[in-house]
Every structure is written in structure tokens, then in C-alpha cells.
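S.K.: Please find my_file06.txt (compact mmCIF, C-alpha atoms) on the next line:
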# COMPACT_ATOMS: atom_id res chain seq x y z
CA MET L 1 -127.46 126.35 112.62
CA HIS L 2 -123.68 126.72 112.95
CA LEU L 3 -121.73 129.41 111.16
CA PRO L 4 -118.41 128.45 109.56
CA VAL L 5 -116.33 130.30 112.16
CA ARG L 6 -112.60 129.70 111.85
CA ALA L 7 -111.47 127.21 114.49
CA GLU L 8 -109.00 129.66 116.06
CA HIS L 9 -111.84 132.16 116.58
CA ALA L 10 -114.38 129.80 118.11
CA GLY L 11 -115.48 130.89 121.57
CA ILE L 12 -113.16 133.91 121.62
CA GLU L 13 -114.37 137.10 123.32
CA PRO L 14 -113.58 140.38 121.50
CA TYR L 15 -110.60 142.33 122.80
CA GLY L 16 -111.29 145.35 124.95
CA ALA L 17 -110.82 146.85 128.39
CA PRO L 18 -113.93 147.41 130.53
CA GLN L 19 -115.89 150.54 129.50
CA LEU L 20 -117.62 151.62 132.69
CA ASP L 21 -119.24 154.91 133.63
CA VAL L 22 -117.24 155.97 136.69
CA PRO L 23 -115.88 159.38 137.75
CA VAL L 24 -112.17 158.57 137.31
CA LEU L 25 -111.14 156.59 134.19
CA LEU L 26 -107.51 155.52 134.40
CA ASN L 27 -107.54 152.18 132.60
CA VAL L 28 -106.79 152.62 128.88
CA ASN L 29 -103.86 155.06 128.80
CA GLU L 30 -105.82 157.92 127.27
CA ASN L 31 -104.56 161.48 127.42
CA PRO L 32 -106.76 163.10 130.10
CA TYR L 33 -106.60 166.55 128.50
CA ALA L 34 -109.15 167.22 125.77
CA PRO L 35 -108.00 169.25 122.75
CA SER L 36 -108.05 172.99 123.38
CA ALA L 37 -110.67 175.27 121.87
CA GLU L 38 -108.06 176.47 119.37
CA VAL L 39 -107.28 172.91 118.26
CA VAL L 40 -110.98 172.07 118.04
CA ALA L 41 -111.59 175.15 115.89
CA THR L 42 -108.83 174.17 113.45
CA ILE L 43 -110.10 170.60 113.24
CA ALA L 44 -113.68 171.79 112.68
CA ALA L 45 -112.65 174.16 109.90
CA ASP L 46 -110.49 171.61 108.13
CA VAL L 47 -113.09 168.85 108.41
CA ALA L 48 -115.72 171.26 107.06
CA ALA L 49 -113.50 171.90 104.04
CA ALA L 50 -113.05 168.16 103.53
CA ALA L 51 -116.82 167.65 103.83
CA ALA L 52 -117.34 169.64 100.66
CA THR L 53 -115.53 166.86 98.75
CA LEU L 54 -117.05 163.80 100.40
CA ASN L 55 -118.74 162.79 97.17
CA ARG L 56 -115.25 161.81 95.98
CA TYR L 57 -112.96 159.13 97.33
CA PRO L 58 -110.13 160.42 99.54
CA ASP L 59 -106.50 160.62 98.50
CA ARG L 60 -105.58 156.94 98.47
CA ASP L 61 -101.88 157.52 99.23
CA PHE L 62 -102.42 160.60 101.48
CA LEU L 63 -99.01 162.09 100.71
CA GLY L 64 -99.99 165.38 102.34
CA LEU L 65 -100.53 163.67 105.69
CA ARG L 66 -97.39 161.60 105.23
CA GLN L 67 -95.38 164.76 104.61
CA ASP L 68 -96.82 166.38 107.75
CA LEU L 69 -95.99 163.29 109.82
CA ALA L 70 -92.44 163.23 108.43
CA ASP L 71 -92.02 166.88 109.37
CA TYR L 72 -93.33 166.17 112.87
CA LEU L 73 -90.94 163.25 113.39
CA ALA L 74 -88.01 165.39 112.25
CA GLY L 75 -88.83 167.95 114.91
CA GLU L 76 -89.65 165.43 117.65
CA SER L 77 -86.75 163.03 117.15
CA GLY L 78 -84.29 164.82 114.89
CA VAL L 79 -84.66 162.09 112.26
CA ARG L 80 -85.71 163.17 108.77
CA VAL L 81 -87.48 160.65 106.55
CA ALA L 82 -89.15 161.11 103.18
CA PRO L 83 -92.97 161.14 103.09
CA GLU L 84 -92.81 157.90 101.09
CA GLN L 85 -91.17 156.30 104.15
CA VAL L 86 -94.23 157.04 106.29
CA TRP L 87 -97.42 154.98 106.41
CA ALA L 88 -100.63 155.71 108.32
CA ALA L 89 -103.80 153.81 109.15
CA ASN L 90 -106.78 153.71 111.52
CA GLY L 91 -104.77 153.59 114.74
CA SER L 92 -101.50 151.78 115.27
CA ASN L 93 -103.63 148.62 115.63
CA GLU L 94 -104.31 148.66 111.90
CA ILE L 95 -100.65 149.45 111.25
CA MET L 96 -99.72 146.28 113.13
CA LEU L 97 -102.32 144.28 111.23
CA HIS L 98 -100.89 145.56 107.93
CA LEU L 99 -97.41 144.45 109.05
CA LEU L 100 -98.60 140.94 109.89
CA GLN L 101 -100.64 140.74 106.67
CA ALA L 102 -97.59 141.73 104.63
CA PHE L 103 -94.88 139.76 106.41
CA GLY L 104 -96.67 137.08 108.43
CA GLY L 105 -99.04 134.35 107.30
CA PRO L 106 -99.24 130.55 107.22
CA GLY L 107 -95.90 128.87 107.88
CA ARG L 108 -94.42 132.07 109.31
CA THR L 109 -93.76 133.13 112.89
CA ALA L 110 -94.06 136.34 114.88
CA LEU L 111 -91.86 136.72 117.96
CA SER L 112 -92.15 139.03 120.93
CA PHE L 113 -91.05 139.08 124.56
CA ALA L 114 -93.56 138.75 127.38
CA PRO L 115 -95.11 140.43 129.18
CA THR L 116 -96.11 142.76 126.37
CA TYR L 117 -99.11 144.19 124.54
CA SER L 118 -101.98 141.71 124.63
CA MET L 119 -103.14 142.49 121.08
CA TYR L 120 -99.96 141.21 119.43
CA PRO L 121 -100.99 137.53 119.55
CA GLU L 122 -104.38 138.51 118.16
CA TYR L 123 -102.79 140.13 115.10
CA ALA L 124 -100.83 136.90 114.63
CA ARG L 125 -103.93 134.74 115.08
CA ASP L 126 -105.98 136.76 112.59
CA THR L 127 -103.27 136.48 109.93
CA SER L 128 -102.63 132.76 110.54
CA THR L 129 -99.13 133.56 111.79
CA ALA L 130 -97.56 131.36 114.47
CA TRP L 131 -97.01 133.25 117.74
CA VAL L 132 -94.10 132.67 120.10
CA THR L 133 -92.67 134.65 123.01
CA GLY L 134 -89.38 134.92 124.78
CA ARG L 135 -89.16 136.26 128.32
CA ARG L 136 -88.22 139.62 129.70
CA GLU L 137 -86.05 139.93 132.80
CA GLU L 138 -87.44 140.25 136.32
CA ASP L 139 -87.36 144.07 135.99
CA PHE L 140 -89.07 143.81 132.55
CA THR L 141 -85.96 144.80 130.60
CA LEU L 142 -84.84 142.72 127.62
CA ASP L 143 -81.48 140.97 127.61
CA ALA L 144 -79.73 141.23 124.24
CA ASP L 145 -78.26 137.72 124.41
CA ALA L 146 -81.63 136.21 125.29
CA ALA L 147 -83.24 138.10 122.40
CA ARG L 148 -80.61 136.85 119.95
CA ALA L 149 -81.07 133.28 121.16
CA ALA L 150 -84.84 133.47 120.68
CA ILE L 151 -84.40 134.79 117.14
CA VAL L 152 -82.02 131.95 116.28
CA GLU L 153 -84.35 129.37 117.84
CA HIS L 154 -87.60 130.50 116.21
CA ALA L 155 -86.38 132.08 112.94
CA PRO L 156 -89.32 134.52 112.88
CA SER L 157 -90.54 136.64 109.98
CA VAL L 158 -91.68 139.46 112.27
CA ILE L 159 -90.25 140.58 115.62
CA LEU L 160 -92.45 142.87 117.72
CA LEU L 161 -90.79 145.06 120.35
CA ALA L 162 -92.83 147.57 122.33
CA SER L 163 -90.73 150.47 123.64
CA PRO L 164 -91.99 151.80 125.98
CA ASN L 165 -93.52 148.42 126.62
CA ASN L 166 -97.18 147.95 127.41
CA PRO L 167 -98.14 147.06 130.16
CA THR L 168 -94.82 147.63 131.96
CA GLY L 169 -93.74 151.05 130.67
CA THR L 170 -90.19 149.79 130.12
CA ALA L 171 -88.14 151.34 127.31
CA LEU L 172 -85.51 149.43 125.36
CA THR L 173 -81.92 150.57 125.15
CA ARG L 174 -80.42 151.43 121.79
CA GLU L 175 -78.00 148.52 122.22
CA VAL L 176 -80.82 145.99 122.56
CA VAL L 177 -82.65 147.26 119.47
CA GLU L 178 -79.40 147.16 117.50
CA ALA L 179 -78.74 143.61 118.68
CA VAL L 180 -82.22 142.50 117.58
CA CYS L 181 -81.88 144.19 114.18
CA GLU L 182 -78.48 142.58 113.61
CA ALA L 183 -79.77 139.17 114.61
CA ALA L 184 -82.75 139.59 112.30
CA LEU L 185 -80.39 140.29 109.41
CA ALA L 186 -78.29 137.23 110.22
CA VAL L 187 -81.08 134.65 110.55
CA THR L 188 -83.20 133.57 107.58
CA PRO L 189 -86.89 133.32 108.56
CA ARG L 190 -88.25 129.80 108.52
CA GLY L 191 -89.38 128.89 105.02
CA ALA L 192 -87.92 132.02 103.40
CA GLU L 193 -85.32 132.26 100.66
CA PRO L 194 -81.67 132.81 101.66
CA GLY L 195 -80.88 136.49 102.02
CA THR L 196 -84.29 137.26 103.52
CA SER L 197 -84.36 138.92 106.93
CA ALA L 198 -87.06 139.33 109.54
CA VAL L 199 -88.90 142.61 109.92
CA VAL L 200 -88.23 144.25 113.29
CA VAL L 201 -91.10 146.41 114.53
CA VAL L 202 -90.44 148.80 117.41
CA ASP L 203 -93.81 149.94 118.70
CA GLU L 204 -93.36 153.46 120.11
CA ALA L 205 -97.01 154.22 120.79
CA TYR L 206 -95.88 155.96 123.99
CA GLY L 207 -92.62 157.27 122.57
CA GLU L 208 -93.28 160.94 123.29
CA PHE L 209 -93.53 160.18 127.02
CA ARG L 210 -90.01 158.73 127.29
CA ARG L 211 -87.67 160.33 129.81
CA ALA L 212 -84.83 162.62 128.78
CA GLY L 213 -81.95 160.67 127.30
CA VAL L 214 -84.04 157.65 126.29
CA PRO L 215 -83.51 157.17 122.54
CA SER L 216 -86.02 156.52 119.79
CA ALA L 217 -85.49 153.64 117.41
CA LEU L 218 -86.10 156.17 114.63
CA GLU L 219 -82.39 156.94 114.96
CA LEU L 220 -81.61 153.48 113.55
CA LEU L 221 -83.81 153.59 110.46
CA GLU L 222 -81.02 154.62 108.10
CA ARG L 223 -78.92 151.60 109.13
CA TYR L 224 -81.62 148.93 109.09
CA PRO L 225 -83.94 148.59 106.07
CA ASN L 226 -85.76 145.79 107.92
CA LEU L 227 -86.75 148.13 110.80
CA ALA L 228 -90.17 149.79 111.20
CA VAL L 229 -90.96 152.24 114.01
CA THR L 230 -94.64 152.73 114.79
CA ARG L 231 -96.29 155.67 116.53
CA THR L 232 -99.82 156.84 117.28
CA MET L 233 -101.66 160.13 117.61
CA SER L 234 -103.94 158.63 120.27
CA LYS L 235 -101.73 159.33 123.28
CA ALA L 236 -99.46 162.38 123.05
CA PHE L 237 -101.82 164.18 120.64
CA ALA L 238 -104.94 163.38 122.69
CA LEU L 239 -106.62 161.99 119.56
CA ALA L 240 -107.69 158.51 120.69
CA GLY L 241 -111.11 159.12 119.16
CA ALA L 242 -109.66 160.05 115.76
CA ARG L 243 -107.92 156.66 115.25
CA VAL L 244 -104.66 157.63 113.56
CA GLY L 245 -101.51 155.54 113.80
CA TYR L 246 -98.44 155.56 111.58
CA LEU L 247 -94.95 154.20 111.04
CA ALA L 248 -91.63 155.15 109.52
CA ALA L 249 -89.56 152.59 107.63
CA SER L 250 -87.66 152.01 104.39
CA ARG L 251 -89.55 152.61 101.15
CA PRO L 252 -89.62 148.90 100.17
CA LEU L 253 -91.14 148.04 103.55
CA VAL L 254 -93.79 150.75 103.21
CA ASP L 255 -94.56 149.66 99.66
CA ALA L 256 -95.26 146.14 100.94
CA LEU L 257 -97.90 147.58 103.26
CA ARG L 258 -99.55 149.45 100.41
CA VAL L 259 -100.29 146.06 98.82
CA VAL L 260 -102.35 144.77 101.75
CA ARG L 261 -104.22 147.93 102.77
CA LEU L 262 -107.89 148.21 101.92
CA PRO L 263 -108.76 150.74 99.20
CA TYR L 264 -109.13 154.28 100.59
CA HIS L 265 -108.62 153.03 104.14
CA LEU L 266 -108.10 156.55 105.57
CA SER L 267 -111.18 158.71 105.12
CA ALA L 268 -110.93 162.33 104.03
CA ALA L 269 -112.25 163.34 107.46
CA THR L 270 -109.59 161.31 109.28
CA GLN L 271 -106.84 162.83 107.15
CA ALA L 272 -108.19 166.32 107.83
CA VAL L 273 -108.36 165.74 111.60
CA ALA L 274 -104.80 164.42 111.74
CA ARG L 275 -103.33 167.23 109.65
CA ALA L 276 -105.20 169.83 111.67
CA ALA L 277 -103.84 168.42 114.94
CA LEU L 278 -100.30 168.35 113.56
CA LYS L 279 -100.54 172.10 113.03
CA HIS L 280 -100.77 172.37 116.82
CA SER L 281 -98.11 169.81 117.74
CA THR L 282 -96.17 172.28 119.90
CA SER L 283 -99.08 173.14 122.17
CA LEU L 284 -100.36 169.57 122.29
CA LEU L 285 -96.97 168.17 123.27
CA ALA L 286 -96.68 170.75 126.06
CA GLN L 287 -99.23 168.63 127.90
CA VAL L 288 -96.87 165.68 127.62
CA ASP L 289 -94.41 167.43 129.94
CA ASP L 290 -97.15 167.75 132.57
CA LEU L 291 -98.04 164.07 132.24
CA ARG L 292 -94.39 163.03 132.51
CA ALA L 293 -94.05 164.99 135.74
CA GLU L 294 -97.26 163.48 137.11
CA ARG L 295 -96.07 159.98 136.15
CA ASP L 296 -92.74 160.43 137.91
CA ALA L 297 -94.49 161.76 141.00
CA THR L 298 -96.84 158.76 140.96
CA VAL L 299 -93.92 156.33 140.69
CA ALA L 300 -92.20 157.99 143.64
CA TRP L 301 -95.39 157.97 145.73
CA LEU L 302 -96.15 154.32 145.03
CA ARG L 303 -92.59 153.27 145.88
CA ALA L 304 -92.89 154.99 149.25
CA GLN L 305 -95.99 153.00 150.25
CA ARG L 306 -96.03 150.01 152.60
CA PRO L 307 -99.51 148.50 152.20
CA ALA L 308 -101.08 146.34 154.87
CA ALA L 309 -102.25 144.12 152.00
CA LEU L 310 -98.58 143.19 151.54
CA GLY L 311 -97.80 142.84 155.22
CA GLY L 312 -96.02 146.19 155.26
CA ALA L 313 -93.65 145.27 152.42
CA PRO L 314 -93.04 147.99 149.84
CA LEU L 315 -94.89 148.05 146.55
CA ARG L 316 -93.00 146.98 143.45
CA VAL L 317 -93.21 149.67 140.79
CA ALA L 318 -91.81 149.29 137.27
CA ASP L 319 -89.74 152.07 135.76
CA SER L 320 -91.96 153.87 133.26
CA ASP L 321 -91.30 155.86 130.11
CA ALA L 322 -95.00 155.81 129.21
CA ASN L 323 -98.15 157.56 130.46
CA PHE L 324 -98.98 154.73 132.86
CA VAL L 325 -97.43 152.91 135.80
CA LEU L 326 -97.43 149.18 136.60
CA PHE L 327 -97.37 148.37 140.31
CA GLY L 328 -97.90 145.41 142.64
CA THR L 329 -97.66 142.73 143.57
CA PHE L 330 -100.87 141.86 145.40
CA PRO L 331 -101.96 138.39 146.53
CA ASP L 332 -105.46 139.26 145.29
CA ARG L 333 -105.14 142.00 142.73
CA HIS L 334 -108.77 141.69 141.69
CA ALA L 335 -109.86 142.67 145.19
CA ILE L 336 -107.72 145.82 144.96
CA TRP L 337 -109.09 146.58 141.49
CA GLN L 338 -112.67 146.07 142.68
CA GLY L 339 -112.11 148.18 145.78
CA LEU L 340 -110.87 151.06 143.64
CA LEU L 341 -113.82 150.65 141.29
CA ASP L 342 -116.22 150.72 144.23
CA ARG L 343 -114.72 154.11 145.06
CA GLY L 344 -115.19 155.44 141.52
CA VAL L 345 -111.68 154.80 140.18
CA LEU L 346 -111.19 152.43 137.22
CA ILE L 347 -107.67 151.13 136.57
CA ARG L 348 -106.50 148.06 134.59
CA GLU L 349 -106.09 144.52 135.83
CA THR L 350 -103.37 143.46 133.43
CA GLY L 351 -99.81 142.21 133.23
CA PRO L 352 -98.27 139.37 135.25
CA ASP L 353 -100.18 137.95 138.20
CA GLY L 354 -100.45 140.38 141.09
CA TRP L 355 -99.77 143.54 139.08
CA LEU L 356 -102.10 146.46 138.29
CA ARG L 357 -101.70 149.35 135.85
CA VAL L 358 -102.84 152.92 136.34
CA SER L 359 -102.96 155.46 133.53
CA ILE L 360 -101.74 158.95 134.36
CA GLY L 361 -104.60 161.42 134.62
CA THR L 362 -104.99 164.96 135.79
CA PRO L 363 -103.63 165.92 139.24
CA GLN L 364 -107.19 165.73 140.59
CA GLU L 365 -107.70 162.25 139.14
CA MET L 366 -104.38 161.03 140.53
CA THR L 367 -105.32 162.36 143.96
CA ALA L 368 -108.57 160.40 143.76
CA PHE L 369 -106.60 157.28 142.79
CA LYS L 370 -104.16 157.67 145.68
CA ASP L 371 -106.92 158.32 148.22
CA ALA L 372 -108.82 155.26 147.06
CA LEU L 373 -105.72 153.07 147.10
CA VAL L 374 -104.91 154.21 150.64
CA GLU L 375 -108.31 152.96 151.76
CA VAL L 376 -108.35 149.73 149.79
CA ALA L 377 -104.78 148.54 150.32
CA GLY L 378 -104.34 149.80 153.86
CA LEU L 379 -101.52 152.22 153.14
Is it possible to give me this structure as C-alpha cells?

M.R.:
Amino acid sequence: MHLPVRAEHAGIEPYGAPQLDVPVLLNVNENPYAPSAEVVATIAADVAAAAATLNRYPDRDFLGLRQDLADYLAGESGVRVAPEQVWAANGSNEIMLHLLQAFGGPGRTALSFAPTYSMYPEYARDTSTAWVTGRREEDFTLDADAARAAIVEHAPSVILLASPNNPTGTALTREVVEAVCEAALAVTPRGAEPGTSAVVVVDEAYGEFRRAGVPSALELLERYPNLAVTRTMSKAFALAGARVGYLAASRPLVDALRVVRLPYHLSAATQAVARAALKHSTSLLAQVDDLRAERDATVAWLRAQRPAALGGAPLRVADSDANFVLFGTFPDRHAIWQGLLDRGVLIRETGPDGWLRVSIGTPQEMTAFKDALVEVAGL
């Protein structure tokens, strides 16, 4: 018997990084610091209160959570949006799927710039949206002229920009985001009516980890009604297990997402967990400062190394505004990855050929990573 699997899904393995039981897990960009006892107590109390109403469907439009997220963004970025300009879902993955469901589809194109997040083409595939990529520069930055040319060439309906970019950690300049937004306004998406513009999505899943002076695309929302800026509570808030992602955009853009969402897609428990964590945003984000410092120290350490595996040449290390670092390039990166794993350290074999990515962990975990890399790469 053969099931009627869609042709584009035939033989495809599900997405996912290796989940292995090793002492040091530095492969999926999790926050290494568990919520404090105080945060756990607030979450437990608020979820208990929500549990008393679980016989009823949750608030379908979750305006309370949207208000809390708007308040958080105002404090974090200085940009105030109305709660109706915020949308949330089960992780930023579902946010991206909503965007492609609303603005992609047959006959439409999504554009990004490689290397970038490996799930983007899967969102396009699952919504029958054509997927095309332009190229980033050698240092993983994005050239504004090259971006404009790609938009003119492909006339996309959706443009996906990760900033900081995954897997490179590279943040976009304000000028590049402005150039993309302007180009999206000037080019009619293929098959669309005149006057239609592409939706520009700036994925800031790692936005809270950006270095001082690096802007957020939230600052451009008032100027560009076709712009959406996505965030997640998985990283900075140490809530990867809660699955809460969100975006800020114009009201018409958010209303288009409300059409494609499943009924009651955010459970009462999920809403309670997110709102409880937001009450502790100040203490939770204090950990971000520690992770930034550890990231910068890791970048400096890696750049100082001259591995025997590279004939004594220095490692290449990408600038990072995220909670991970991309480094290389190794003739046999899998051998380095396996050697680290054999020593109890799991990192990610991802990005262009020869590169590896390490998530930033605790100081003890980073010491274990460095010690293992010294042995494996002959530093």
C-alpha cells in the first residue's frame, strides 16, 4: 500500500538537530540557564489559576498576552506598538508558517539570502511557495545593491531576513533593511495586482543578544506597513520548552495572519506561562548580559587559535550578535564534530562546508568545549 504523500514530501526526513544524551549540549542555541525558583513559582501559580478554567476554550485573540508583549518591546527597544499589532503562536516557527500561509502559496515566491536558517525553505515547501535565494557576502553580510537586484529579478511575495542570522550570527544594518523594504514597495510581486508590495520579515529570534549600537528593525515599523519583525521567548527568556514566538507589524498584516491561524492555537496554559515569564523580564534578561560576554570571549579565543588541523592557519570566526558562534573552516568538519562528541560535547554541523556552530553555554560548558577542541583540532 502507498499513501498519497505529496510529491514534494516524498522521502523527506523530518527537520531536527541531533538529540543526544551527552554532558555538554551546545548545538541548538538554547539558553543554558534554567528559570529561577522565583520565575518557576510565578509560572506555577499562574498555570494553576489557568487550570481551573481548562474546561473552556482559551482566549482566541489573547489580547492580554499581546498587551504584555507590546509593553516588553517598548522597554526593550523603545518602540511602542498597539497590542493589535502583535501576534503570537507556538514558537516563531509557527509565526513563520502563518506568514507563508497568508502571503505565500502557489504561483508565489519567497526570497532569502543564503546561508540562512534551514527551516525557511521548509515553510515555503509546505505552503507550496516557490523558494529562491540570493547570496550573502564572504563575511556573511548582505549587500544592499545585491538584495535590491534579487528582489527585482524574482519579484517575491515574501522576503525573509534573519538578523542576527542563523547560522552565522550576523546582524543586518539599518540601511540594508531600509533598502529591502523600499525595494519591496517598488516591485510588484509576480502575479499580484499593481500596488501590491512584498512582505518583508526580519527574524530577530536572537535580537536581545545583539551588541550595543546594533539596531532592531522594530524601529522601522512605523515607516513600512509591509514589514514584520519576529521574536521568540525561547532564547533570551529561557523558555524553549514553552514554545512562544511572536511578531510586531501593522494591523492589516496581523489581521491577515488571524485568518490562517488554527482556532484557539495558543492554549490557556501557554498564555499563562508566557505572561508569567514577562513579569520577570528584567531578571531574565540579566542573564543575556552574561551570555553576551561569554560569546565575545569565545569569539576572541577562537580567533587566537592556530589549529594543526588547518596547518597552523588561524580559525575563521564570524562576527556574532547571537548566542552562538560560527567558526571554521575545516577540511573535514565532521571529524571535528565527532571528536568533540566523543569527548562529551555536542555542537552543530551546519552552515557552509567546513564550518561548525557552537551555542554559548555556561562558563563551565564553554571550558569543556575549548578543552575538547584543543585536543581534537590540535590547538

S.K.: So how far away is CA of Ala272 (chain L) from CA of Gly64 (chain L), in Å?

M.R.: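 Computing the Euclidean distance for CA of Gly64 (chain L) and CA of Ala272 (chain L) yields 9.9 Å.
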
S.K.: Nearest residue to Ala184 (chain L) out of L:Asp203, L:Glu153, L:Glu138, L:Glu122, using only C-alpha atoms?

M.R.: L:Glu153

S.K.: For each of L:Gly378, L:Ala88, L:Ala51, L:Val358, take the minimum atom-to-atom distance to Asp68 (chain L), counting all atoms listed in the file, then give the residue where this is smallest.

M.R.: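 Of the candidates, the smallest distance to Asp68 (chain L) is held by L:Ala88.
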
S.K.: CA of Pro115 (chain L) to CA of Leu356 (chain L): how many Å, to one decimal?

M.R.: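 CA of Pro115 (chain L) sits 13.0 Å away from CA of Leu356 (chain L).
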
S.K.: So, counting all atoms listed in the file, which residue among L:Leu161, L:Cys181, L:Ala322, L:Ala41 is closest to Ala293 (chain L)?

M.R.: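 Comparing L:Leu161, L:Cys181, L:Ala322, L:Ala41 against Ala293 (chain L), the winner is L:Ala322.
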
S.K.: Please provide as a count of residues only all residues within 12 Å of Ser267 (chain L), with the sequence filter that same-chain residues fewer than 6 positions apart are discarded (counting only C-alpha atoms).

M.R.: 22

S.K.: Could you check which of L:Gln287, L:Thr270, L:Thr362, L:Gln305 is closest to Asp46 (chain L), using all atoms listed in the file?

M.R.: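 For Asp46 (chain L), the nearest of the given residues is L:Thr270.
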
S.K.: Hey, what's within 12 Å of Tyr123 (chain L) if we count only C-alpha atoms and toss same-chain stuff fewer than 2 positions away? As a count of residues only, please?

M.R.: 32

S.K.: Could you tell me how far CA of Met366 (chain L) lies from CA of Ala171 (chain L), in Å and to one decimal?

M.R.: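 It comes out at 23.1 Å.
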
S.K.: Could you make a table, as a Markdown table, of the residues of region 193-311 of chain L that have an atom within 12 Å of an atom of region 172-178 of chain L, each with its nearest atom pair and distance in Å to one decimal, counting all atoms listed in the file, in chain and number order?

M.R.:
| residue | atom | partner | partner_atom | distance |
| --- | --- | --- | --- | --- |
| L:Val200 | CA | L:Val177 | CA | 8.9 |
| L:Val201 | CA | L:Val177 | CA | 9.8 |
| L:Val202 | CA | L:Val177 | CA | 8.2 |
| L:Asp203 | CA | L:Leu172 | CA | 10.7 |
| L:Glu204 | CA | L:Leu172 | CA | 10.3 |
| L:Gly207 | CA | L:Leu172 | CA | 10.9 |
| L:Arg210 | CA | L:Leu172 | CA | 10.5 |
| L:Arg211 | CA | L:Leu172 | CA | 12.0 |
| L:Gly213 | CA | L:Thr173 | CA | 10.3 |
| L:Val214 | CA | L:Thr173 | CA | 7.5 |
| L:Pro215 | CA | L:Arg174 | CA | 6.6 |
| L:Ser216 | CA | L:Arg174 | CA | 7.8 |
| L:Ala217 | CA | L:Arg174 | CA | 7.1 |
| L:Leu218 | CA | L:Arg174 | CA | 10.3 |
| L:Glu219 | CA | L:Arg174 | CA | 9.0 |
| L:Leu220 | CA | L:Glu178 | CA | 7.8 |
| L:Leu221 | CA | L:Glu178 | CA | 10.5 |
| L:Arg223 | CA | L:Glu178 | CA | 9.5 |
| L:Tyr224 | CA | L:Glu178 | CA | 8.9 |
| L:Asn226 | CA | L:Glu178 | CA | 11.6 |
| L:Leu227 | CA | L:Val177 | CA | 9.6 |
| L:Ala228 | CA | L:Val177 | CA | 11.5 |
| L:Val229 | CA | L:Val177 | CA | 11.1 |

S.K.: With distances taken over all atoms listed in the file, which of L:Asp321, L:Gly134, L:Leu302, L:Asp290 is nearest to Ser112 (chain L)?

M.R.: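 Of L:Asp321, L:Gly134, L:Leu302, L:Asp290, the one nearest Ser112 (chain L) is L:Gly134, counting all atoms listed in the file.
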
S.K.: Which one is closest to Ala256 (chain L): L:Arg135, L:Val199, L:Glu30, L:Arg316? Count all atoms listed in the file.

M.R.: L:Val199
